[in-house]
file start35.txt (compact mmCIF, C-alpha atoms)
# COMPACT_ATOMS: atom_id res chain seq x y z
CA MET A 25 -15.90 26.10 16.47
CA SER A 26 -17.56 22.72 16.69
CA GLU A 27 -16.14 19.59 18.26
CA ASN A 28 -14.67 17.84 15.27
CA GLN A 29 -12.88 20.87 13.90
CA THR A 30 -9.16 21.01 14.27
CA THR A 31 -6.94 24.01 14.85
CA VAL A 32 -3.76 24.67 12.91
CA GLY A 33 -1.58 23.91 15.94
CA LYS A 34 -3.31 20.61 16.57
CA ALA A 35 -2.92 19.62 12.93
CA ILE A 36 0.83 20.23 13.04
CA ALA A 37 1.30 18.35 16.31
CA GLY A 38 -0.86 15.50 14.99
CA GLY A 39 1.07 15.11 11.78
CA LEU A 40 4.49 15.30 13.34
CA TRP A 41 4.05 13.22 16.46
CA THR A 42 0.75 12.32 18.10
CA GLU A 43 -0.77 10.81 14.98
CA ILE A 44 2.37 10.38 12.91
CA PRO A 45 1.45 8.18 9.96
CA VAL A 46 2.97 4.69 9.75
CA LEU A 47 4.09 4.60 13.39
CA ARG A 48 0.82 5.49 15.07
CA LEU A 49 -1.86 4.86 12.51
CA MET A 50 -0.30 1.87 10.71
CA LEU A 51 -1.29 3.39 7.39
CA GLY A 52 0.61 3.67 4.14
CA LEU A 53 2.70 0.59 4.80
CA CYS A 54 3.34 -0.61 1.29
CA PRO A 55 5.30 2.42 0.06
CA THR A 56 7.06 2.53 3.42
CA LEU A 57 8.32 -0.99 2.95
CA ALA A 58 8.97 -0.79 -0.77
CA VAL A 59 10.87 2.46 -1.29
CA THR A 60 13.05 2.49 1.82
CA THR A 61 15.98 0.65 0.22
CA GLY A 62 17.72 4.01 -0.26
CA VAL A 63 17.39 7.46 1.25
CA LYS A 64 17.13 9.15 -2.13
CA SER A 65 14.12 7.15 -3.29
CA ALA A 66 12.52 7.56 0.13
CA LEU A 67 12.94 11.32 -0.09
CA THR A 68 11.51 11.48 -3.61
CA MET A 69 8.56 9.38 -2.53
CA GLY A 70 8.05 11.58 0.53
CA LEU A 71 8.04 14.77 -1.53
CA CYS A 72 5.51 13.29 -3.96
CA VAL A 73 3.27 12.29 -1.07
CA ILE A 74 3.50 15.79 0.46
CA PHE A 75 2.51 17.35 -2.87
CA VAL A 76 -0.41 14.98 -3.41
CA LEU A 77 -1.57 15.19 0.19
CA VAL A 78 -1.65 19.00 0.27
CA CYS A 79 -3.35 19.30 -3.13
CA SER A 80 -5.93 16.59 -2.47
CA ASN A 81 -6.70 18.00 0.97
CA LEU A 82 -7.29 21.42 -0.62
CA ALA A 83 -9.48 19.95 -3.36
CA VAL A 84 -11.52 17.86 -0.93
CA SER A 85 -11.89 20.82 1.42
CA LEU A 86 -13.19 22.95 -1.44
CA MET A 87 -15.83 20.42 -2.43
CA ARG A 88 -16.74 19.27 1.08
CA ASN A 89 -20.17 20.90 1.01
CA LEU A 90 -21.12 19.31 -2.30
CA LEU A 91 -20.34 15.70 -1.38
CA LYS A 92 -22.96 13.02 -1.10
CA PRO A 93 -22.02 10.48 1.59
CA HIS A 94 -22.10 7.36 -0.60
CA LEU A 95 -20.13 8.97 -3.42
CA ARG A 96 -17.45 10.64 -1.37
CA ILE A 97 -14.82 7.88 -1.47
CA ILE A 98 -14.97 7.81 -5.27
CA MET A 99 -14.70 11.58 -5.41
CA PHE A 100 -11.69 11.49 -3.08
CA THR A 101 -9.92 8.83 -5.12
CA LEU A 102 -10.60 10.64 -8.38
CA ALA A 103 -9.16 13.90 -7.02
CA ILE A 104 -6.13 12.01 -5.69
CA ALA A 105 -5.65 10.14 -8.99
CA ALA A 106 -5.56 13.43 -10.88
CA PHE A 107 -2.82 14.87 -8.66
CA VAL A 108 -0.84 11.64 -8.71
CA THR A 109 -0.90 11.75 -12.51
CA ILE A 110 0.60 15.24 -12.34
CA ALA A 111 3.32 14.14 -9.93
CA ASP A 112 4.08 11.08 -12.06
CA MET A 113 4.41 13.11 -15.25
CA TYR A 114 6.62 15.65 -13.50
CA LEU A 115 8.94 12.91 -12.25
CA ARG A 116 9.06 11.24 -15.62
CA ALA A 117 10.03 14.52 -17.29
CA PHE A 118 12.54 15.91 -14.79
CA GLN A 119 13.73 12.94 -12.72
CA PRO A 120 13.65 10.04 -15.21
CA GLU A 121 16.11 8.03 -13.15
CA MET A 122 14.01 8.15 -9.97
CA SER A 123 10.85 7.60 -11.98
CA GLU A 124 12.40 4.43 -13.40
CA LYS A 125 13.44 3.24 -9.96
CA LEU A 126 10.18 3.93 -8.15
CA GLY A 127 8.18 2.55 -11.07
CA ALA A 128 4.70 1.46 -10.12
CA TYR A 129 4.99 2.80 -6.58
CA ILE A 130 4.34 6.38 -7.72
CA PRO A 131 0.90 5.59 -9.19
CA LEU A 132 0.31 3.44 -6.12
CA ILE A 133 0.23 6.66 -4.07
CA ILE A 134 -3.40 6.79 -5.22
CA VAL A 135 -4.24 3.91 -2.93
CA ASN A 136 -2.02 5.08 -0.08
CA CYS A 137 -4.40 4.93 2.86
CA ILE A 138 -2.90 8.00 4.53
CA ILE A 139 -4.22 10.28 1.82
CA ILE A 140 -7.75 8.89 1.89
CA CYS A 141 -7.63 8.89 5.68
CA ARG A 142 -6.74 12.58 5.83
CA ALA A 143 -9.34 13.47 3.21
CA GLU A 144 -11.99 11.68 5.24
CA ALA A 145 -10.85 12.61 8.74
CA CYS A 146 -9.73 16.18 8.22
CA ALA A 147 -10.29 17.81 4.86
CA ALA A 148 -13.94 16.81 4.55
CA LYS A 149 -14.72 18.66 7.79
CA ASN A 150 -12.36 21.63 7.87
CA GLY A 151 -11.59 24.83 6.00
CA LEU A 152 -8.86 25.41 3.45
CA LEU A 153 -6.10 26.60 5.78
CA VAL A 154 -6.40 23.79 8.33
CA SER A 155 -6.66 21.18 5.58
CA ALA A 156 -3.55 22.43 3.82
CA VAL A 157 -1.56 22.59 7.06
CA ASP A 158 -2.78 19.14 8.05
CA GLY A 159 -1.76 17.73 4.67
CA ALA A 160 1.67 19.30 4.89
CA ALA A 161 2.24 18.13 8.49
CA MET A 162 1.12 14.57 7.75
CA GLY A 163 3.24 14.50 4.62
CA VAL A 164 6.32 15.73 6.48
CA GLY A 165 5.73 13.20 9.24
CA PHE A 166 5.47 10.44 6.66
CA THR A 167 8.65 11.64 4.91
CA ILE A 168 10.57 11.70 8.20
CA VAL A 169 9.62 8.10 8.97
CA LEU A 170 10.47 7.01 5.42
CA CYS A 171 13.89 8.67 5.50
CA PHE A 172 14.67 7.36 8.98
CA LEU A 173 13.85 3.79 7.99
CA ALA A 174 15.63 4.18 4.67
CA SER A 175 18.81 5.48 6.31
CA ILE A 176 18.90 2.50 8.68
CA ARG A 177 18.38 0.07 5.83
CA GLU A 178 20.78 1.77 3.43
CA VAL A 179 23.58 1.95 5.99
CA LEU A 180 23.19 -1.67 7.01
CA ALA A 181 22.71 -2.99 3.49
CA THR A 182 25.45 -1.08 1.67
CA GLY A 183 27.41 0.89 4.30
CA LYS A 184 26.57 4.11 2.46
CA ILE A 185 24.17 7.04 2.74
CA PHE A 186 23.26 8.90 -0.47
CA GLY A 187 26.07 6.88 -2.05
CA TYR A 188 28.77 8.17 0.37
CA PRO A 189 30.47 5.45 2.42
CA VAL A 190 30.02 6.06 6.15
CA MET A 191 30.96 2.75 7.73
CA PRO A 192 34.51 1.55 8.48
CA ASP A 193 36.16 -0.78 5.97
CA SER A 194 35.76 -3.80 8.21
CA PHE A 195 31.95 -3.48 7.95
CA ILE A 196 30.31 -6.37 6.15
CA PRO A 197 27.15 -5.29 4.29
CA LEU A 198 24.03 -7.18 5.30
CA ALA A 199 22.42 -8.07 1.99
CA ALA A 200 19.23 -9.14 3.75
CA MET A 201 18.48 -5.53 4.74
CA ALA A 202 17.97 -4.60 1.09
CA MET A 203 15.50 -7.45 0.63
CA PRO A 204 11.87 -7.64 1.76
CA VAL A 205 12.95 -9.35 4.98
CA GLY A 206 14.93 -6.30 6.05
CA ALA A 207 11.99 -4.03 5.37
CA PHE A 208 9.50 -5.98 7.46
CA VAL A 209 11.82 -6.76 10.35
CA SER A 210 13.31 -3.28 10.68
CA LEU A 211 9.88 -1.65 10.58
CA GLY A 212 8.66 -4.14 13.21
CA LEU A 213 11.59 -3.40 15.50
CA LEU A 214 11.18 0.35 14.93
CA LEU A 215 7.52 0.14 15.97
CA GLY A 216 8.49 -1.91 19.00
CA ALA A 217 11.07 0.71 19.97
CA VAL A 218 8.51 3.52 19.62
CA ASN A 219 6.03 1.61 21.77
CA GLN A 220 8.70 1.00 24.38
CA LEU A 221 9.76 4.66 24.43
CA THR A 222 6.28 6.10 24.68
CA GLY A 223 5.23 3.42 27.13
CA LYS A 224 2.00 3.06 25.27
CA LYS A 225 0.45 -0.01 23.77
CA ALA A 226 -0.09 1.56 20.38
CA SER A 227 -2.26 0.35 17.51
CA THR A 228 -4.09 -2.75 18.64
CA LEU A 229 -4.62 -3.66 14.99
CA MET B 24 -0.16 -27.95 -25.19
CA ASP B 25 2.95 -25.81 -24.80
CA TYR B 26 0.70 -22.82 -24.42
CA ALA B 27 -1.25 -24.46 -21.57
CA VAL B 28 2.00 -25.31 -19.80
CA GLY B 29 3.10 -21.70 -20.23
CA LEU B 30 -0.12 -20.47 -18.66
CA ALA B 31 0.25 -22.88 -15.75
CA LEU B 32 3.81 -21.67 -15.18
CA THR B 33 2.61 -18.05 -15.25
CA PHE B 34 0.04 -18.93 -12.61
CA VAL B 35 2.55 -20.67 -10.32
CA SER B 36 4.98 -17.83 -10.78
CA ILE B 37 2.54 -15.12 -9.71
CA VAL B 38 1.13 -17.15 -6.79
CA VAL B 39 4.32 -18.46 -5.24
CA ILE B 40 7.45 -16.96 -6.73
CA ASN B 41 6.51 -13.39 -7.53
CA ASN B 42 3.83 -13.22 -4.86
CA LEU B 43 2.78 -9.57 -4.76
CA VAL B 44 2.59 -9.46 -0.97
CA PHE B 45 5.98 -11.00 -0.32
CA THR B 46 8.07 -9.51 -3.10
CA LYS B 47 6.33 -6.24 -3.98
CA PHE B 48 4.90 -5.30 -0.57
CA LEU B 49 1.47 -4.78 -2.08
CA GLY B 50 -1.60 -5.12 0.09
CA THR B 51 0.36 -4.89 3.31
CA CYS B 52 -2.36 -2.93 5.14
CA PRO B 53 -5.11 -5.58 4.93
CA TYR B 54 -2.44 -8.28 5.18
CA LEU B 55 -1.63 -7.01 8.67
CA GLY B 56 -5.03 -5.61 9.54
CA VAL B 57 -7.47 -8.41 8.70
CA SER B 58 -5.27 -11.40 9.48
CA GLY B 59 -6.40 -11.70 13.11
CA ARG B 60 -8.76 -14.63 12.52
CA PHE B 61 -8.59 -17.32 9.90
CA ASP B 62 -12.18 -17.22 8.60
CA THR B 63 -12.20 -13.43 8.20
CA ALA B 64 -8.85 -13.60 6.44
CA PHE B 65 -10.11 -16.27 4.06
CA GLY B 66 -13.23 -14.26 3.25
CA MET B 67 -11.17 -11.14 2.66
CA GLY B 68 -8.87 -13.12 0.39
CA LEU B 69 -11.80 -14.40 -1.67
CA ALA B 70 -13.29 -10.92 -2.00
CA VAL B 71 -9.93 -9.56 -3.12
CA THR B 72 -9.48 -12.45 -5.58
CA PHE B 73 -12.84 -11.71 -7.13
CA VAL B 74 -12.23 -7.98 -7.43
CA THR B 75 -8.69 -8.47 -8.73
CA THR B 76 -9.77 -10.88 -11.44
CA LEU B 77 -12.60 -8.64 -12.51
CA SER B 78 -10.70 -5.37 -12.49
CA GLY B 79 -7.44 -6.80 -13.85
CA THR B 80 -9.30 -8.19 -16.85
CA LEU B 81 -11.40 -5.08 -17.35
CA THR B 82 -8.53 -2.62 -17.07
CA TRP B 83 -6.47 -4.69 -19.52
CA LEU B 84 -9.33 -4.60 -22.00
CA ILE B 85 -9.94 -0.88 -21.52
CA ASP B 86 -6.25 -0.19 -21.86
CA HIS B 87 -5.80 -2.13 -25.10
CA LEU B 88 -9.12 -1.48 -26.78
CA PHE B 89 -9.68 2.11 -25.82
CA LEU B 90 -6.91 4.08 -24.12
CA VAL B 91 -3.96 3.11 -26.31
CA PRO B 92 -5.75 3.46 -29.68
CA ALA B 93 -7.21 6.79 -28.57
CA GLY B 94 -3.87 8.05 -27.21
CA LEU B 95 -5.35 8.70 -23.77
CA GLU B 96 -2.68 6.96 -21.69
CA VAL B 97 -2.55 10.04 -19.45
CA THR B 98 -5.95 9.21 -18.00
CA ARG B 99 -4.88 5.65 -17.23
CA TYR B 100 -4.76 5.97 -13.44
CA VAL B 101 -8.11 7.71 -13.25
CA CYS B 102 -9.75 5.01 -15.41
CA TYR B 103 -8.19 2.17 -13.41
CA ILE B 104 -9.37 3.55 -10.10
CA LEU B 105 -12.90 4.04 -11.45
CA VAL B 106 -13.09 0.42 -12.63
CA ILE B 107 -11.81 -0.85 -9.28
CA ALA B 108 -14.20 1.32 -7.26
CA GLY B 109 -17.09 0.03 -9.39
CA ALA B 110 -16.10 -3.61 -8.91
CA VAL B 111 -15.80 -3.15 -5.15
CA GLN B 112 -19.23 -1.55 -5.02
CA LEU B 113 -20.60 -4.64 -6.79
CA VAL B 114 -19.01 -7.07 -4.33
CA GLU B 115 -20.22 -4.98 -1.40
CA MET B 116 -23.84 -5.02 -2.57
CA TYR B 117 -23.66 -8.76 -3.28
CA LEU B 118 -22.26 -9.61 0.15
CA ARG B 119 -24.70 -7.36 1.99
CA LYS B 120 -27.60 -9.10 0.28
CA PHE B 121 -26.48 -12.74 0.45
CA PHE B 122 -23.89 -13.08 3.23
CA PRO B 123 -24.80 -10.59 5.99
CA PRO B 124 -22.54 -12.21 8.66
CA LEU B 125 -19.51 -11.99 6.38
CA TYR B 126 -20.48 -8.41 5.57
CA GLN B 127 -20.56 -7.59 9.28
CA ALA B 128 -17.20 -9.24 9.83
CA PHE B 129 -15.50 -7.17 7.13
CA GLY B 130 -16.73 -3.88 8.53
CA ILE B 131 -14.66 -1.00 7.28
CA PHE B 132 -12.29 -3.22 5.33
CA LEU B 133 -14.71 -3.92 2.52
CA PRO B 134 -14.83 -0.38 1.11
CA LEU B 135 -11.11 -0.29 1.79
CA ILE B 136 -10.56 -3.02 -0.83
CA THR B 137 -10.78 -0.07 -3.22
CA THR B 138 -7.56 1.19 -1.73
CA ASN B 139 -5.99 -2.28 -1.59
CA CYS B 140 -2.71 -1.91 -3.39
CA VAL B 141 -2.78 -5.49 -4.72
CA ILE B 142 -5.54 -4.61 -7.13
CA LEU B 143 -4.29 -1.32 -8.52
CA GLY B 144 -0.73 -2.65 -8.32
CA LEU B 145 -1.61 -5.66 -10.43
CA CYS B 146 -3.36 -3.51 -13.06
CA LEU B 147 -0.24 -1.34 -13.25
CA PHE B 148 2.13 -4.30 -13.39
CA LEU B 149 0.13 -5.87 -16.21
CA ASN B 150 0.88 -2.68 -18.05
CA GLN B 151 4.51 -2.49 -16.97
CA TRP B 152 5.29 -6.13 -17.78
CA GLU B 153 3.80 -5.50 -21.24
CA ILE B 154 1.37 -8.38 -21.13
CA ASN B 155 -0.08 -8.40 -24.63
CA ASN B 156 -2.11 -11.55 -24.40
CA PHE B 157 -5.63 -11.53 -23.01
CA LEU B 158 -5.45 -15.02 -21.45
CA ASP B 159 -2.16 -14.20 -19.75
CA ALA B 160 -3.73 -11.09 -18.26
CA VAL B 161 -6.68 -13.08 -16.89
CA VAL B 162 -4.45 -15.79 -15.42
CA LEU B 163 -2.15 -13.23 -13.83
CA SER B 164 -5.07 -11.31 -12.30
CA PHE B 165 -6.60 -14.45 -10.86
CA GLY B 166 -3.22 -15.71 -9.65
CA ALA B 167 -2.47 -12.43 -7.90
CA GLY B 168 -5.71 -12.74 -5.94
CA ILE B 169 -4.99 -16.37 -5.04
CA GLY B 170 -1.48 -15.40 -3.99
CA PHE B 171 -2.88 -12.71 -1.71
CA THR B 172 -5.39 -15.18 -0.23
CA MET B 173 -2.61 -17.66 0.44
CA ALA B 174 -0.41 -15.07 2.11
CA ILE B 175 -3.16 -13.68 4.32
CA CYS B 176 -4.32 -17.18 5.33
CA ILE B 177 -0.82 -18.30 6.31
CA MET B 178 -0.47 -15.12 8.33
CA ALA B 179 -3.83 -15.63 10.05
CA GLY B 180 -2.88 -19.20 10.98
CA ILE B 181 0.37 -18.03 12.53
CA ARG B 182 -1.27 -15.17 14.40
CA GLU B 183 -3.89 -17.40 15.97
CA ASN B 184 -1.01 -19.32 17.54
CA LEU B 185 0.87 -16.15 18.42
CA GLU B 186 -1.91 -15.15 20.79
CA THR B 187 -0.78 -17.72 23.33
CA ALA B 188 2.92 -16.99 22.86
CA ASP B 189 4.98 -15.05 25.36
CA ILE B 190 5.95 -11.85 23.54
CA PRO B 191 7.72 -8.80 25.04
CA GLU B 192 5.16 -6.16 25.96
CA CYS B 193 6.39 -3.54 23.50
CA LEU B 194 6.32 -5.93 20.53
CA LYS B 195 2.70 -7.01 21.02
CA GLY B 196 0.31 -6.37 18.17
CA ALA B 197 1.68 -4.78 15.02
CA PRO B 198 5.45 -5.09 15.60
CA ILE B 199 5.50 -8.86 16.08
CA THR B 200 3.19 -9.24 13.09
CA LEU B 201 5.66 -7.31 10.94
CA ILE B 202 8.59 -9.39 12.14
CA THR B 203 6.63 -12.58 11.43
CA ALA B 204 5.86 -11.26 7.95
CA GLY B 205 9.57 -10.64 7.46
CA LEU B 206 10.42 -14.24 8.33
CA LEU B 207 7.65 -15.46 6.02
CA THR B 208 9.12 -13.54 3.09
CA LEU B 209 12.47 -15.12 3.91
CA ALA B 210 10.87 -18.55 3.59
CA PHE B 211 9.27 -17.64 0.28
CA MET B 212 12.56 -16.30 -1.07
CA GLY B 213 13.56 -19.93 -1.36
CA PHE B 214 11.37 -20.10 -4.46
CA ALA B 215 13.04 -17.14 -6.12
CA GLY B 216 14.49 -17.77 -9.55
CA MET B 217 12.68 -21.06 -10.15
CA ILE B 218 10.82 -19.62 -13.14
CA LYS B 219 12.04 -16.53 -15.03
call {"tool": "encode", "arguments": {"input": "start35.txt", "output": "structure tokens"}}
result
Amino acid sequence: MSENQTTVGKAIAGGLWTEIPVLRLMLGLCPTLAVTTGVKSALTMGLCVIFVLVCSNLAVSLMRNLLKPHLRIIMFTLAIAAFVTIADMYLRAFQPEMSEKLGAYIPLIIVNCIIICRAEACAAKNGLLVSAVDGAAMGVGFTIVLCFLASIREVLATGKIFGYPVMPDSFIPLAAMAMPVGAFVSLGLLLGAVNQLTGKKASTL
Amino acid sequence: MDYAVGLALTFVSIVVINNLVFTKFLGTCPYLGVSGRFDTAFGMGLAVTFVTTLSGTLTWLIDHLFLVPAGLEVTRYVCYILVIAGAVQLVEMYLRKFFPPLYQAFGIFLPLITTNCVILGLCLFLNQWEINNFLDAVVLSFGAGIGFTMAICIMAGIRENLETADIPECLKGAPITLITAGLLTLAFMGFAGMIK
């Protein structure tokens, strides 16, 4: 095995903690900020990303020996766009309510940097199994962060999770948490907390 | 005359009131990643403006002249991304030839304009808002780019001053930038509801 090849174990650990998207890599921020107003939309978004990530990693891994360096980004995006179209049509047919709510953010998965990043950093160099596992692990890591952030914001903004009230009656909903301000500030504080806990000066940006 | 006023209002609305960065979270990655220095941020903004105008106009034309009449709406995303990738390639070649220092400064972020959500997002919103007028589409595309430039330049100005500020160790870098961005959106919310 050469240097830049990854093992299955490493891929799982990378996706779930050491390289967890959003928190460590600072990638895929716009869906993170936009869909975390509620846990349900965050979960739907996360599942779509897992599907697209696994499929595109598999496709890229299959064609990795045919790629020309200067054309590879276009090939990646085209493969991703095809899978996103599938996910979008599925949602529109079976989850019309969520599809309505997420709107343009589903097609925007195409330009989610995490997916391109994994295609470039992992799938273009590794075999089918590792690529698929890497895609799944990264997708799950992304979904966990989304749901965590969404639960914080949903509880503080409405006092409910999945529509069930969880806060005492005296709780006053913070409308700002449902607005863009809440998204940026809570993600900033979350990153700060992660940096503090791991004692590491992460992402110099 | 009324029409010109309408166009001007559309422009102001997309730049200030419905700014894609502040209200739709589009383009957050470059917004946080390239806003370290003012001149780089400005250059990035101009490149994005150019690509947005070009690809917004082109995708609108392709959509209305080709995809809808031919019933090929399913391939919309694939077509959009192809147009955007082509436009970025054009800007990249132009910069490399005529502005090498700027090209060096962009580094990896130039090819990444392809994956800048502002551009694809705008093309999709043009479709979602059912813009049926060619001039409106052009003005909105251009305005979205200008709005992005404005946002990233404001951010770069603030961050240059942040460097000398006394920030808790764990908030340095990305976290404080995100919190600053949050406060900025709060300021821009003051414009909400002024026009439609």
call {"tool": "residues_near_point", "arguments": {"input": "start35.txt", "point": "(-11.0, 2.3, -9.9)", "cutoff": "12 Å", "atoms": "all atoms listed in the file", "output": "ChimeraX atom specification"}}
result
/A:97-102,104-105,132,134-135 /B:74-75,77-79,81-82,98-112,134-140,142-144,146-147
call {"tool": "interface_residues", "arguments": {"input": "start35.txt", "of": "chain B", "to": "chain A", "cutoff": "7 Å", "atoms": "all atoms listed in the file", "output": "list in words"}}
result
Thr46, Lys47, Phe48, Leu49, Gly50, Thr51, Cys52, Gly56, Tyr100, Val101, Ala108, Thr138, Asn139, Cys140, Gly144, Leu147, Cys193, Leu194, Gly196, Ala197, Pro198, Ile199, Leu201, Ile202, Ala204, Gly205, Leu206, Thr208 and Leu209 of chain B
call {"tool": "atom_distance", "arguments": {"input": "start35.txt", "atom1": "CA of Thr72 (chain B)", "atom2": "CA of Ala31 (chain B)"}}
result
17.5 Å
call {"tool": "atom_distance", "arguments": {"input": "start35.txt", "atom1": "CA of Met173 (chain B)", "atom2": "CA of Asp25 (chain B)"}}
result
27.1 Å
call {"tool": "closest_residue", "arguments": {"input": "start35.txt", "among": "B:Glu96, B:Asp62, B:Glu115, B:Asp159", "to": "Glu183 (chain B)", "atoms": "only C-alpha atoms"}}
result
B:Asp62
call {"tool": "closest_residue", "arguments": {"input": "start35.txt", "among": "B:Val28, B:Tyr54, B:Gly66, B:Val35", "to": "Gln127 (chain B)", "atoms": "only C-alpha atoms"}}
result
B:Gly66
call {"tool": "atom_distance", "arguments": {"input": "start35.txt", "atom1": "CA of Val39 (chain B)", "atom2": "CA of Ala215 (chain B)"}}
result
8.9 Å
call {"tool": "closest_residue", "arguments": {"input": "start35.txt", "among": "B:Pro124, B:Gly68, B:Gly59, B:Gly213", "to": "Thr172 (chain B)", "atoms": "only C-alpha atoms"}}
result
B:Gly68
